[in-house]
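The next block is entry.txt, given as compact mmCIF, C-alpha atoms and all ligand atoms.
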```txt
# COMPACT_ATOMS: atom_id res chain seq x y z
CA MET U 839 17.59 23.85 44.81
CA ASN U 840 17.53 24.87 48.46
CA ASN U 841 19.89 24.17 51.34
CA SER U 842 17.81 21.46 53.04
CA SER U 843 19.61 18.38 54.31
CA ILE U 844 18.02 15.06 53.44
CA LEU U 845 18.56 11.55 54.78
CA ILE U 846 17.70 8.74 52.37
CA ILE U 847 16.87 5.54 54.22
CA TYR U 848 17.36 2.66 51.80
CA THR U 849 15.50 -0.49 52.86
CA GLY U 850 15.60 -2.36 49.52
CA GLY U 851 13.00 -2.94 46.80
CA THR U 852 13.13 -2.99 43.02
CA ILE U 853 14.57 0.53 42.73
CA GLY U 854 18.00 -0.69 43.79
CA MET U 855 17.81 -4.24 42.42
CA LYS U 856 19.89 -5.86 39.70
CA THR U 857 19.55 -9.24 38.07
CA ASP U 858 21.61 -11.73 40.01
CA PRO U 859 23.51 -13.70 37.34
CA VAL U 860 23.46 -16.84 39.48
CA VAL U 861 19.73 -17.08 40.24
CA GLY U 862 18.50 -15.04 37.23
CA ALA U 863 16.07 -12.97 39.37
CA LEU U 864 16.13 -9.43 40.79
CA ARG U 865 17.94 -8.90 44.10
CA PRO U 866 18.78 -5.70 46.02
CA PHE U 867 22.23 -4.14 45.63
CA ASP U 868 23.94 -1.38 47.58
CA PHE U 869 23.07 2.32 47.59
CA SER U 870 26.20 3.57 45.81
CA GLN U 871 24.89 2.26 42.50
CA ILE U 872 21.68 4.27 42.93
CA LEU U 873 23.71 7.47 43.33
CA GLU U 874 25.78 6.53 40.28
CA GLU U 875 22.58 6.21 38.24
CA VAL U 876 21.07 9.47 39.52
CA PRO U 877 23.89 12.03 39.81
CA GLU U 878 21.38 14.89 39.37
CA LEU U 879 19.97 14.07 42.81
CA LYS U 880 22.41 16.50 44.41
CA LYS U 881 20.76 19.44 42.63
CA PHE U 882 17.58 19.17 44.65
CA ALA U 883 18.86 19.56 48.21
CA GLY U 884 21.78 21.14 50.02
CA SER U 885 23.13 17.83 51.28
CA ILE U 886 22.08 14.23 50.93
CA ASP U 887 23.22 11.40 53.17
CA SER U 888 22.12 7.80 53.11
CA TYR U 889 21.55 5.03 55.58
CA SER U 890 21.13 1.49 54.24
CA PHE U 891 19.39 -1.43 55.89
CA ASP U 892 21.62 -4.45 56.23
CA PRO U 893 20.55 -6.75 54.73
CA LEU U 894 18.54 -4.93 52.06
CA ILE U 895 15.20 -6.62 51.57
CA ASP U 896 12.42 -7.28 49.14
CA SER U 897 9.50 -5.56 50.87
CA SER U 898 7.59 -8.83 51.07
CA ASP U 899 9.89 -9.48 54.05
CA ILE U 900 8.96 -6.26 55.89
CA ASP U 901 7.77 -6.81 59.46
CA PRO U 902 7.00 -4.59 62.48
CA GLU U 903 10.60 -4.87 63.70
CA MET U 904 11.66 -3.11 60.50
CA TRP U 905 9.05 -0.40 61.02
CA LYS U 906 10.63 0.17 64.44
CA LYS U 907 14.07 0.33 62.81
CA MET U 908 12.81 2.95 60.33
CA ALA U 909 11.16 4.97 63.11
CA VAL U 910 14.27 4.82 65.33
CA THR U 911 16.51 5.85 62.41
CA ILE U 912 14.30 8.88 61.83
CA ARG U 913 14.17 9.68 65.56
CA ASP U 914 17.94 9.42 65.97
CA ASN U 915 18.56 11.69 62.97
CA TYR U 916 15.61 14.01 63.42
CA ASP U 917 17.56 17.09 64.47
CA LYS U 918 20.24 16.65 61.81
CA TYR U 919 17.99 16.58 58.74
CA ASP U 920 15.18 18.65 57.24
CA GLY U 921 13.48 15.71 55.55
CA PHE U 922 13.61 11.96 55.05
CA VAL U 923 13.14 9.80 51.95
CA VAL U 924 12.49 6.10 52.50
CA LEU U 925 13.36 3.87 49.55
CA HIS U 926 11.12 0.84 49.88
CA GLY U 927 9.73 -1.97 47.73
CA THR U 928 6.28 -1.25 46.40
CA ASP U 929 4.63 -4.48 47.55
CA THR U 930 4.19 -3.44 51.19
CA MET U 931 4.92 0.29 50.94
CA SER U 932 1.35 1.25 51.89
CA TYR U 933 1.56 -0.87 55.07
CA SER U 934 4.90 0.67 56.08
CA ALA U 935 3.83 4.23 55.33
CA SER U 936 0.63 3.65 57.33
CA ALA U 937 2.57 2.22 60.27
CA LEU U 938 5.08 5.08 60.31
CA SER U 939 2.25 7.62 60.20
CA PHE U 940 0.99 6.34 63.56
CA MET U 941 4.42 5.72 65.09
CA LEU U 942 5.82 9.21 64.33
CA GLN U 943 3.68 11.57 66.35
CA ASN U 944 3.79 15.38 66.10
CA LEU U 945 5.78 15.11 62.87
CA SER U 946 7.12 18.46 61.65
CA LYS U 947 9.28 17.13 58.79
CA PRO U 948 8.53 15.18 55.60
CA VAL U 949 8.94 11.40 55.52
CA ILE U 950 8.49 10.53 51.84
CA PHE U 951 8.35 6.88 50.78
CA THR U 952 9.17 5.99 47.20
CA GLY U 953 10.49 3.15 45.06
CA SER U 954 9.96 1.99 41.50
CA GLN U 955 8.53 -0.67 39.26
CA LEU U 956 11.76 -0.96 37.22
CA PRO U 957 15.28 -0.92 38.71
CA VAL U 958 16.98 2.47 38.61
CA GLY U 959 19.58 1.10 36.18
CA ALA U 960 16.98 -0.07 33.62
CA PRO U 961 16.68 2.11 30.48
CA ARG U 962 12.96 2.91 30.98
CA THR U 963 13.13 3.12 34.76
CA ASP U 964 10.54 5.09 36.73
CA GLY U 965 13.00 5.09 39.64
CA LYS U 966 14.89 8.24 38.69
CA GLU U 967 11.86 10.50 38.50
CA ASN U 968 10.35 9.01 41.65
CA LEU U 969 13.57 9.46 43.61
CA VAL U 970 14.44 12.94 42.36
CA SER U 971 10.92 14.28 42.99
CA ALA U 972 10.71 12.59 46.41
CA VAL U 973 13.94 14.35 47.40
CA GLU U 974 12.69 17.67 46.06
CA ILE U 975 9.45 17.30 48.03
CA ALA U 976 11.30 16.26 51.21
CA ALA U 977 13.48 19.36 50.84
CA ALA U 978 10.63 21.79 50.13
CA LYS U 979 10.06 24.60 52.63
CA ASN U 980 7.42 27.26 53.19
CA PRO U 981 8.55 30.92 53.16
CA ASP U 982 8.73 30.84 56.99
CA GLY U 983 11.21 27.93 56.87
CA SER U 984 8.77 25.22 57.96
CA SER U 985 8.46 21.99 55.94
CA ARG U 986 5.99 22.09 53.07
CA VAL U 987 4.79 18.51 53.70
CA PRO U 988 5.14 17.51 57.39
CA GLU U 989 3.54 14.12 56.73
CA VAL U 990 4.36 10.47 56.04
CA ALA U 991 3.56 10.30 52.34
CA ILE U 992 4.14 8.15 49.27
CA TYR U 993 5.44 9.74 46.09
CA PHE U 994 4.91 7.53 43.05
CA GLY U 995 3.98 8.03 39.40
CA SER U 996 3.84 11.85 39.57
CA VAL U 997 1.53 11.91 42.61
CA LEU U 998 2.20 12.59 46.29
CA MET U 999 -0.33 10.80 48.48
CA ARG U 1000 -0.92 10.62 52.23
CA GLY U 1001 0.75 7.30 53.10
CA ASN U 1002 -2.09 5.93 55.21
CA ARG U 1003 -4.61 6.56 52.40
CA THR U 1004 -2.78 4.50 49.78
CA THR U 1005 -3.09 1.02 48.32
CA LYS U 1006 -0.93 -0.67 45.72
CA VAL U 1007 -3.32 -1.17 42.81
CA ASN U 1008 -1.13 -2.21 39.90
CA ALA U 1009 1.72 -4.71 39.67
CA GLU U 1010 2.93 -3.39 36.29
CA SER U 1011 1.96 0.24 35.67
CA PHE U 1012 4.15 3.15 36.74
CA GLU U 1013 1.00 4.46 38.48
CA ALA U 1014 1.20 1.67 41.03
CA PHE U 1015 -0.60 3.40 43.92
CA ARG U 1016 -3.95 5.03 44.47
CA SER U 1017 -5.41 7.11 47.24
CA PRO U 1018 -9.07 6.53 46.47
CA ASN U 1019 -10.59 8.44 49.37
CA LEU U 1020 -8.30 11.47 49.53
CA GLU U 1021 -7.09 13.91 46.90
CA PRO U 1022 -3.33 14.04 46.22
CA LEU U 1023 -1.12 16.11 48.53
CA ALA U 1024 0.76 17.23 45.42
CA GLU U 1025 1.14 16.45 41.73
CA THR U 1026 4.23 16.88 39.62
CA GLY U 1027 4.41 18.11 36.06
CA ILE U 1028 6.58 20.96 34.87
CA ASN U 1029 6.14 22.27 38.42
CA ILE U 1030 5.14 20.62 41.68
CA ARG U 1031 1.60 21.71 42.53
CA TYR U 1032 1.06 21.38 46.29
CA ASN U 1033 -2.46 20.93 47.61
CA ASP U 1034 -1.95 22.98 50.78
CA ARG U 1035 -5.63 22.69 51.69
CA VAL U 1036 -5.17 18.94 52.24
CA ILE U 1037 -1.64 18.77 53.66
CA ARG U 1038 -1.69 18.39 57.45
CA LYS U 1039 -0.07 21.07 59.57
CA TRP U 1040 2.44 20.46 62.36
CA ASN U 1041 0.79 20.75 65.78
CA GLY U 1042 3.80 22.52 67.32
CA LEU U 1043 4.69 19.65 69.69
CA PRO U 1044 8.02 17.80 69.76
CA LEU U 1045 8.37 14.48 67.94
CA VAL U 1046 7.27 11.44 69.94
CA VAL U 1047 8.13 8.02 68.51
CA SER U 1048 5.74 5.31 69.59
CA LEU U 1049 7.36 1.89 69.24
CA GLY U 1050 4.66 -0.27 70.87
CA LEU U 1051 3.08 -2.56 68.28
CA ASP U 1052 0.77 -5.46 69.15
CA THR U 1053 0.29 -7.70 66.12
CA ARG U 1054 -2.58 -9.83 67.45
CA VAL U 1055 -4.85 -8.71 64.61
CA SER U 1056 -6.47 -10.86 61.90
CA ILE U 1057 -8.28 -10.04 58.67
CA LEU U 1058 -11.48 -11.80 57.60
CA LYS U 1059 -12.49 -11.21 54.00
CA ILE U 1060 -16.18 -12.03 53.49
CA HIS U 1061 -17.10 -13.83 50.26
CA PRO U 1062 -20.06 -15.78 48.92
CA GLY U 1063 -19.77 -19.38 50.09
CA ILE U 1064 -17.64 -18.58 53.15
CA THR U 1065 -18.03 -21.42 55.67
CA PRO U 1066 -18.75 -21.36 59.41
CA GLN U 1067 -15.41 -23.12 59.98
CA VAL U 1068 -13.41 -20.39 58.27
CA VAL U 1069 -15.33 -17.57 60.00
CA SER U 1070 -15.04 -19.28 63.36
CA ASN U 1071 -11.30 -19.96 62.99
CA ILE U 1072 -10.57 -16.33 62.25
CA LEU U 1073 -13.07 -14.59 64.54
CA LEU U 1074 -12.53 -16.80 67.55
CA GLY U 1075 -8.79 -17.46 67.20
CA PRO U 1076 -7.43 -17.47 70.77
CA GLU U 1077 -4.40 -15.35 69.89
CA THR U 1078 -6.45 -12.59 68.25
CA ARG U 1079 -7.39 -9.34 70.02
CA ALA U 1080 -8.91 -7.62 67.00
CA VAL U 1081 -10.31 -8.66 63.63
CA ILE U 1082 -10.71 -6.45 60.57
CA ILE U 1083 -13.79 -7.71 58.72
CA GLU U 1084 -13.60 -6.80 55.03
CA THR U 1085 -17.26 -6.51 54.06
CA TYR U 1086 -19.24 -5.78 50.92
CA GLY U 1087 -20.16 -2.27 49.78
CA ALA U 1088 -21.13 0.09 52.59
CA GLY U 1089 -20.24 -2.48 55.27
CA ASN U 1090 -22.69 -5.27 54.54
CA ALA U 1091 -22.30 -8.95 55.41
CA PRO U 1092 -24.38 -12.15 55.23
CA SER U 1093 -27.49 -12.27 57.40
CA ALA U 1094 -27.31 -16.05 58.00
CA PRO U 1095 -27.97 -16.74 61.73
CA TRP U 1096 -24.78 -18.85 62.09
CA PHE U 1097 -22.71 -15.90 60.80
CA LEU U 1098 -24.28 -13.33 63.11
CA ASP U 1099 -24.04 -15.72 66.08
CA LEU U 1100 -20.29 -16.04 65.49
CA VAL U 1101 -19.90 -12.26 65.12
CA ARG U 1102 -21.80 -11.69 68.40
CA GLU U 1103 -19.74 -14.33 70.20
CA ALA U 1104 -16.45 -12.82 68.98
CA ALA U 1105 -17.53 -9.24 69.69
CA ALA U 1106 -18.02 -10.13 73.35
CA SER U 1107 -14.26 -10.52 73.85
CA LYS U 1108 -12.56 -8.94 70.82
CA ILE U 1109 -12.50 -5.75 68.79
CA LEU U 1110 -14.25 -6.26 65.44
CA VAL U 1111 -13.83 -3.50 62.84
CA ASN U 1112 -15.77 -3.13 59.61
CA VAL U 1113 -13.77 -2.06 56.52
CA THR U 1114 -15.19 -2.21 53.01
CA GLN U 1115 -13.74 -4.38 50.24
CA CYS U 1116 -14.56 -1.58 47.77
CA PRO U 1117 -11.47 0.37 46.72
CA ALA U 1118 -13.31 3.68 47.33
CA GLY U 1119 -16.13 4.90 49.57
CA THR U 1120 -16.97 4.41 53.22
CA VAL U 1121 -18.60 1.98 55.63
CA ASP U 1122 -22.03 3.15 56.73
CA MET U 1123 -23.67 0.45 58.83
CA ASP U 1124 -26.95 2.37 59.04
CA LEU U 1125 -27.61 2.20 55.29
CA TYR U 1126 -28.74 -1.43 54.84
CA ALA U 1127 -30.23 -4.04 57.16
CA THR U 1128 -27.23 -6.27 56.35
CA GLY U 1129 -24.94 -3.56 57.72
CA LYS U 1130 -27.14 -2.61 60.66
CA GLN U 1131 -27.07 -6.17 61.93
CA MET U 1132 -23.24 -5.98 62.06
CA LYS U 1133 -23.44 -2.82 64.14
CA ASP U 1134 -26.04 -4.40 66.43
CA ALA U 1135 -23.78 -7.45 66.82
CA GLY U 1136 -21.02 -5.21 68.23
CA VAL U 1137 -18.89 -4.42 65.16
CA VAL U 1138 -17.38 -0.91 65.02
CA SER U 1139 -16.96 1.13 61.85
CA GLY U 1140 -13.62 1.60 60.12
CA TYR U 1141 -15.23 4.39 58.03
CA ASP U 1142 -13.27 4.91 54.80
CA SER U 1143 -9.94 3.49 56.06
CA THR U 1144 -7.89 1.23 53.86
CA THR U 1145 -7.21 -2.22 55.26
CA GLU U 1146 -3.50 -1.31 55.38
CA ALA U 1147 -4.18 1.76 57.51
CA MET U 1148 -6.58 -0.11 59.79
CA LEU U 1149 -4.06 -2.90 60.39
CA ALA U 1150 -1.37 -0.38 61.28
CA LYS U 1151 -3.74 1.66 63.47
CA LEU U 1152 -4.77 -1.45 65.41
CA PHE U 1153 -1.15 -2.61 65.87
CA HIS U 1154 -0.36 0.88 67.18
CA LEU U 1155 -3.39 1.29 69.46
CA LEU U 1156 -3.19 -2.24 70.89
CA GLY U 1157 0.55 -1.76 71.41
CA SER U 1158 0.05 1.54 73.24
CA GLY U 1159 -1.53 -0.04 76.30
CA TYR U 1160 -5.14 1.02 75.72
CA SER U 1161 -7.99 -1.14 76.97
CA ASP U 1162 -10.31 -2.66 74.35
CA SER U 1163 -12.99 -0.03 74.99
CA GLU U 1164 -10.41 2.75 74.67
CA VAL U 1165 -9.18 1.24 71.40
CA LYS U 1166 -12.77 1.15 70.09
CA ALA U 1167 -13.18 4.82 71.00
CA GLN U 1168 -9.89 5.72 69.25
CA LEU U 1169 -10.98 3.88 66.11
CA ALA U 1170 -13.63 6.56 65.63
CA VAL U 1171 -10.98 9.31 65.91
CA ASN U 1172 -9.13 10.58 62.85
CA LEU U 1173 -5.62 10.27 64.33
CA LYS U 1174 -3.43 10.92 61.29
CA GLY U 1175 -5.78 11.78 58.47
CA GLU U 1176 -6.53 8.10 57.89
CA ILE U 1177 -10.33 8.51 57.98
N1 LIG A 1 9.02 -7.15 45.28
C1 LIG A 1 9.46 -5.79 45.24
C2 LIG A 1 9.41 -5.25 46.66
O1 LIG A 1 8.34 -4.94 47.13
C3 LIG A 1 8.61 -4.98 44.33
C4 LIG A 1 8.99 -3.54 44.21
O2 LIG A 1 9.89 -3.00 44.84
O3 LIG A 1 8.34 -2.85 43.43
O4 LIG A 1 10.41 -5.14 47.29
```
Starting from the file, give its structure as structure tokens.
Ligand code: ASP
Amino acid sequence: MNNSSILIIYTGGTIGMKTDPVVGALRPFDFSQILEEVPELKKFAGSIDSYSFDPLIDSSDIDPEMWKKMAVTIRDNYDKYDGFVVLHGTDTMSYSASALSFMLQNLSKPVIFTGSQLPVGAPRTDGKENLVSAVEIAAAKNPDGSSRVPEVAIYFGSVLMRGNRTTKVNAESFEAFRSPNLEPLAETGINIRYNDRVIRKWNGLPLVVSLGLDTRVSILKIHPGITPQVVSNILLGPETRAVIIETYGAGNAPSAPWFLDLVREAAASKILVNVTQCPAGTVDMDLYATGKQMKDAGVVSGYDSTTEAMLAKLFHLLGSGYSDSEVKAQLAVNLKGEI
């Protein structure tokens, strides 16, 4: 126990849900019942306050307005607390953690997302351990008083991961998330083992909260048998400024002339980014001819970013007033440990 003060921001999700007797399905309930179920929470920080979204939501309903609400809540309470825990449904947690990682610049305090696969009141719940450890991590300090983990991270299933490196990989297991391209920031067992070599350091600058988000981004997942109509609709959609192309392997895509013609046409007026469909590994468009032709057609590399992180990065960069060429240049920069 230390004397850190923690704010828990409760947005909804399974952790706080109960079966609604009328509809017979899980729905979010208020935060007081979480505290009732986890009285030991108080042992891990000096003081714990909570702020609940109203209404509480299933995270399938998360949208950029809610990311702004989370970011503003953290900004408005930044001086009062040493760390923040965001209780969030698992379905879109990786998107929200990615978005917050770009919106909260110069972060010096932990923002730890967590949730659970079973409600906190269920006998075999994973919610208690996830919540208690997330609070302990948010409260953790270095000997000089600085935060141990000044990052937006996800704690789930005994592992602390950089938020913008995660993907939800399992709809049932308590190990619901993976960070395939980056080692854990910490792992919990009898003790919490921090991986200080990987944890990002605060840059010494004051917090800046960037609320500009431009959502004119689409995702095109390549698959055998994809038709020119589908590719054209997504790549040339008039409302789209950027398209994430989810390719095969190291960034490879079909070499059919109609496909490459459409890519070239779209690349003339939009930002096209190459992200691999593989859960792990990186895009390298110089490895195969089928990747090289994408590069030659004007597609830029997303390196080893997850799709979730790339979507959030594009929303953030497009919403920050950069020109398309500036956005393309920033896509090659590791802004928040996402590549
Ligand atoms: N549907 C729920 C949500 O994302 C699932 C969960 O919390 O695990 O809100």
task = Name each residue within 10 Å of ligand LIG 1 (chain A), counting all atoms listed in the file, as a PyMOL selection string.
result = chain U and resi 849-855+864-866+894-900+925-931+952-957+965+1006+1009-1010+1012+1014
ask   = From the set U:Pro1076, U:Lys1130, U:Asp917, U:Ser971, which residue has the shortest atom-to-atom contact distance to Asn1090 (chain U), counting only C-alpha atoms?
value =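 Smallest separation from Asn1090 (chain U) among the options: U:Lys1130.
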Considering all atoms listed in the file, return as a CSV table (one decimal) with C-alpha atoms, in the coordinates of the input whatever protein or nucleic-acid residues lie within 8 Å of Ile975 (chain U), sequence-local ones (same chain, fewer than 4 positions apart) excluded.
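Saved to selection_12.csv:
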```
chain,number,residue,atom,x,y,z
U,948,PRO,CA,8.5,15.2,55.6
U,950,ILE,CA,8.5,10.5,51.8
U,971,SER,CA,10.9,14.3,43.0
U,986,ARG,CA,6.0,22.1,53.1
U,987,VAL,CA,4.8,18.5,53.7
```
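Take CA of Arg1031 (chain U) and CA of Phe994 (chain U): the distance between them is 14.6 Å.
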task = Using only C-alpha atoms, pick whichever of U:Pro1018, U:Val1036, U:Trp1096, U:Leu1149 has the shortest atom-to-atom distance to Val1081 (chain U).
result =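 Among U:Pro1018, U:Val1036, U:Trp1096, U:Leu1149, it is U:Leu1149 that comes nearest to Val1081 (chain U).
Every protein or nucleic acid residue with an atom no more than 8 Å from Ser843 (chain U), counting all atoms listed in the file and leaving out same-chain residues fewer than 3 positions away, appears here: U:Ala883, U:Gly884, U:Ser885, U:Ile886, U:Asp887, U:Lys918, U:Tyr919, U:Asp920, U:Gly921, U:Ala977.
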task = Compare U:Asp1052, U:Glu967, U:Asp1134, U:Asp868 by their minimum atom-to-atom distance to Gly1027 (chain U), counting all atoms listed in the file, and give me the closest one.
result =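 Going through U:Asp1052, U:Glu967, U:Asp1134, U:Asp868 one by one, the smallest distance to Gly1027 (chain U) is for U:Glu967.
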key: For region 1105-1111 of chain U: contacts at 7 Å, all atoms listed in the file, fewer than 2 positions along chain excluded, given as a PyMOL selection string   = chain U and resi 1079-1083+1101-1103+1113+1136-1140+1162
key: Counting all atoms listed in the file, the residue of U:Val923, U:Leu1043, U:Ile847, U:Ala1170 that sits nearest Ser890 (chain U)   = U:Ile847
request  = For CA of Lys1059 (chain U) and CA of Thr1120 (chain U), quote the distance in Å rounded to one decimal.
outcome  =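 Taking CA of Lys1059 (chain U) and CA of Thr1120 (chain U), their separation equals 16.3 Å.
Residue nearest Tyr993 (chain U) within the list U:Arg962, U:Lys1151, U:Arg1016, U:Lys979: U:Arg1016 [criterion: smallest interatomic distance, all atoms listed in the file].
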Excluding same-chain residues fewer than 2 positions from Arg1003 (chain U), what lies within 12 Å of it counting all atoms listed in the file, as a tab-separated table (two decimals) with C-alpha atoms, in the frame of the given file?
```tsv
chain	number	residue	atom	x	y	z
U	931	MET	CA	4.92	0.29	50.94
U	932	SER	CA	1.35	1.25	51.89
U	933	TYR	CA	1.56	-0.87	55.07
U	934	SER	CA	4.90	0.67	56.08
U	935	ALA	CA	3.83	4.23	55.33
U	936	SER	CA	0.63	3.65	57.33
U	937	ALA	CA	2.57	2.22	60.27
U	939	SER	CA	2.25	7.62	60.20
U	989	GLU	CA	3.54	14.12	56.73
U	990	VAL	CA	4.36	10.47	56.04
U	991	ALA	CA	3.56	10.30	52.34
U	992	ILE	CA	4.14	8.15	49.27
U	998	LEU	CA	2.20	12.59	46.29
U	999	MET	CA	-0.33	10.80	48.48
U	1000	ARG	CA	-0.92	10.62	52.23
U	1001	GLY	CA	0.75	7.30	53.10
U	1005	THR	CA	-3.09	1.02	48.32
U	1006	LYS	CA	-0.93	-0.67	45.72
U	1015	PHE	CA	-0.60	3.40	43.92
U	1016	ARG	CA	-3.95	5.03	44.47
U	1017	SER	CA	-5.41	7.11	47.24
U	1018	PRO	CA	-9.07	6.53	46.47
U	1019	ASN	CA	-10.59	8.44	49.37
U	1020	LEU	CA	-8.30	11.47	49.53
U	1021	GLU	CA	-7.09	13.91	46.90
U	1022	PRO	CA	-3.33	14.04	46.22
U	1023	LEU	CA	-1.12	16.11	48.53
U	1117	PRO	CA	-11.47	0.37	46.72
U	1118	ALA	CA	-13.31	3.68	47.33
U	1119	GLY	CA	-16.13	4.90	49.57
U	1142	ASP	CA	-13.27	4.91	54.80
U	1143	SER	CA	-9.94	3.49	56.06
U	1144	THR	CA	-7.89	1.23	53.86
U	1145	THR	CA	-7.21	-2.22	55.26
U	1146	GLU	CA	-3.50	-1.31	55.38
U	1147	ALA	CA	-4.18	1.76	57.51
U	1148	MET	CA	-6.58	-0.11	59.79
U	1150	ALA	CA	-1.37	-0.38	61.28
U	1174	LYS	CA	-3.43	10.92	61.29
U	1175	GLY	CA	-5.78	11.78	58.47
U	1176	GLU	CA	-6.53	8.10	57.89
U	1177	ILE	CA	-10.33	8.51	57.98
```
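Residue nearest Val1046 (chain U), chosen from U:Leu945, U:Ile1060, U:Ala978, U:Val973 and counting all atoms listed in the file: U:Leu945.
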Give as a compact mmCIF listing (two decimals) with C-alpha atoms, in the frame of the given file each residue that has an atom at most 9 Å from (7.1, 16.8, 69.6) in the file, counting all atoms listed in the file.
```
# COMPACT_ATOMS: atom_id res chain seq x y z
CA GLN U 943 3.68 11.57 66.35
CA ASN U 944 3.79 15.38 66.10
CA LEU U 945 5.78 15.11 62.87
CA SER U 946 7.12 18.46 61.65
CA ASN U 1041 0.79 20.75 65.78
CA GLY U 1042 3.80 22.52 67.32
CA LEU U 1043 4.69 19.65 69.69
CA PRO U 1044 8.02 17.80 69.76
CA LEU U 1045 8.37 14.48 67.94
CA VAL U 1046 7.27 11.44 69.94
CA VAL U 1047 8.13 8.02 68.51
```
query = To one decimal place, how far is CA of Phe1153 (chain U) from CA of Asp892 (chain U) in Å?
reply =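 Distance between the two atoms: 24.8 Å.
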inquiry  = Give me the residues near Gly1050 (chain U) as JSON, numbers by chain, where near means some atom within 7 Å (using only C-alpha atoms) and where sequence neighbours in that chain fewer than 3 positions away do not count.
reply    = {"U": [1154, 1157, 1158]}
Each side padded by 5 Å, which centre and which edge lengths in Å (one decimal) define the axis-aligned box around the listed atoms of region 982-996 of chain U? Give them as lines of an AutoDock Vina configuration file.
```
center_x = 7.4
center_y = 19.2
center_z = 48.7
size_x = 17.7
size_y = 33.3
size_z = 28.6
```
When you write region 1002-1051 of chain U out from the block above, keep C-alpha atoms and present the result as a PDB file, in the first residue's frame, please.
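The resulting file, part_11.pdb, is reproduced below:
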```
ATOM      1  CA  ASN U1002      -1.712   0.642 -28.519  1.00  0.00           C
ATOM      2  CA  ARG U1003       0.017  -2.737 -29.017  1.00  0.00           C
ATOM      3  CA  THR U1004      -2.961  -4.851 -27.961  1.00  0.00           C
ATOM      4  CA  THR U1005      -5.703  -6.799 -29.708  1.00  0.00           C
ATOM      5  CA  LYS U1006      -8.579  -8.724 -28.202  1.00  0.00           C
ATOM      6  CA  VAL U1007      -7.847 -12.308 -29.224  1.00  0.00           C
ATOM      7  CA  ASN U1008     -10.250 -14.428 -27.213  1.00  0.00           C
ATOM      8  CA  ALA U1009     -13.963 -14.031 -26.498  1.00  0.00           C
ATOM      9  CA  GLU U1010     -13.938 -16.589 -23.661  1.00  0.00           C
ATOM     10  CA  SER U1011     -10.520 -16.998 -22.039  1.00  0.00           C
ATOM     11  CA  PHE U1012      -9.385 -14.866 -19.106  1.00  0.00           C
ATOM     12  CA  GLU U1013      -6.306 -14.122 -21.264  1.00  0.00           C
ATOM     13  CA  ALA U1014      -8.415 -12.065 -23.637  1.00  0.00           C
ATOM     14  CA  PHE U1015      -5.696  -9.733 -24.952  1.00  0.00           C
ATOM     15  CA  ARG U1016      -2.356 -10.119 -26.652  1.00  0.00           C
ATOM     16  CA  SER U1017       0.444  -7.745 -27.476  1.00  0.00           C
ATOM     17  CA  PRO U1018       2.074  -9.767 -30.232  1.00  0.00           C
ATOM     18  CA  ASN U1019       4.777  -7.318 -31.243  1.00  0.00           C
ATOM     19  CA  LEU U1020       5.858  -5.980 -27.860  1.00  0.00           C
ATOM     20  CA  GLU U1021       6.844  -7.693 -24.618  1.00  0.00           C
ATOM     21  CA  PRO U1022       4.657  -7.044 -21.555  1.00  0.00           C
ATOM     22  CA  LEU U1023       5.228  -3.868 -19.534  1.00  0.00           C
ATOM     23  CA  ALA U1024       4.715  -5.979 -16.418  1.00  0.00           C
ATOM     24  CA  GLU U1025       3.521  -9.403 -15.302  1.00  0.00           C
ATOM     25  CA  THR U1026       1.833 -10.271 -12.046  1.00  0.00           C
ATOM     26  CA  GLY U1027       2.373 -13.360  -9.947  1.00  0.00           C
ATOM     27  CA  ILE U1028       3.255 -13.350  -6.286  1.00  0.00           C
ATOM     28  CA  ASN U1029       4.901 -10.008  -7.082  1.00  0.00           C
ATOM     29  CA  ILE U1030       4.479  -7.531  -9.918  1.00  0.00           C
ATOM     30  CA  ARG U1031       7.530  -7.778 -12.177  1.00  0.00           C
ATOM     31  CA  TYR U1032       7.947  -4.501 -14.078  1.00  0.00           C
ATOM     32  CA  ASN U1033       9.790  -4.518 -17.378  1.00  0.00           C
ATOM     33  CA  ASP U1034      11.437  -1.111 -16.916  1.00  0.00           C
ATOM     34  CA  ARG U1035      13.469  -1.530 -20.106  1.00  0.00           C
ATOM     35  CA  VAL U1036      10.245  -1.387 -22.151  1.00  0.00           C
ATOM     36  CA  ILE U1037       8.159   1.100 -20.155  1.00  0.00           C
ATOM     37  CA  ARG U1038       8.242   4.568 -21.747  1.00  0.00           C
ATOM     38  CA  LYS U1039       9.626   7.454 -19.731  1.00  0.00           C
ATOM     39  CA  TRP U1040       7.920  10.810 -19.219  1.00  0.00           C
ATOM     40  CA  ASN U1041       9.457  13.481 -21.457  1.00  0.00           C
ATOM     41  CA  GLY U1042       9.240  16.168 -18.760  1.00  0.00           C
ATOM     42  CA  LEU U1043       6.646  18.291 -20.610  1.00  0.00           C
ATOM     43  CA  PRO U1044       3.196  19.217 -19.266  1.00  0.00           C
ATOM     44  CA  LEU U1045       0.157  17.186 -20.317  1.00  0.00           C
ATOM     45  CA  VAL U1046      -1.433  18.257 -23.594  1.00  0.00           C
ATOM     46  CA  VAL U1047      -4.817  16.751 -24.465  1.00  0.00           C
ATOM     47  CA  SER U1048      -5.470  16.584 -28.165  1.00  0.00           C
ATOM     48  CA  LEU U1049      -9.195  16.326 -28.857  1.00  0.00           C
ATOM     49  CA  GLY U1050      -9.177  16.646 -32.665  1.00  0.00           C
ATOM     50  CA  LEU U1051     -10.320  13.384 -34.253  1.00  0.00           C
TER      51      LEU U1051
END
```
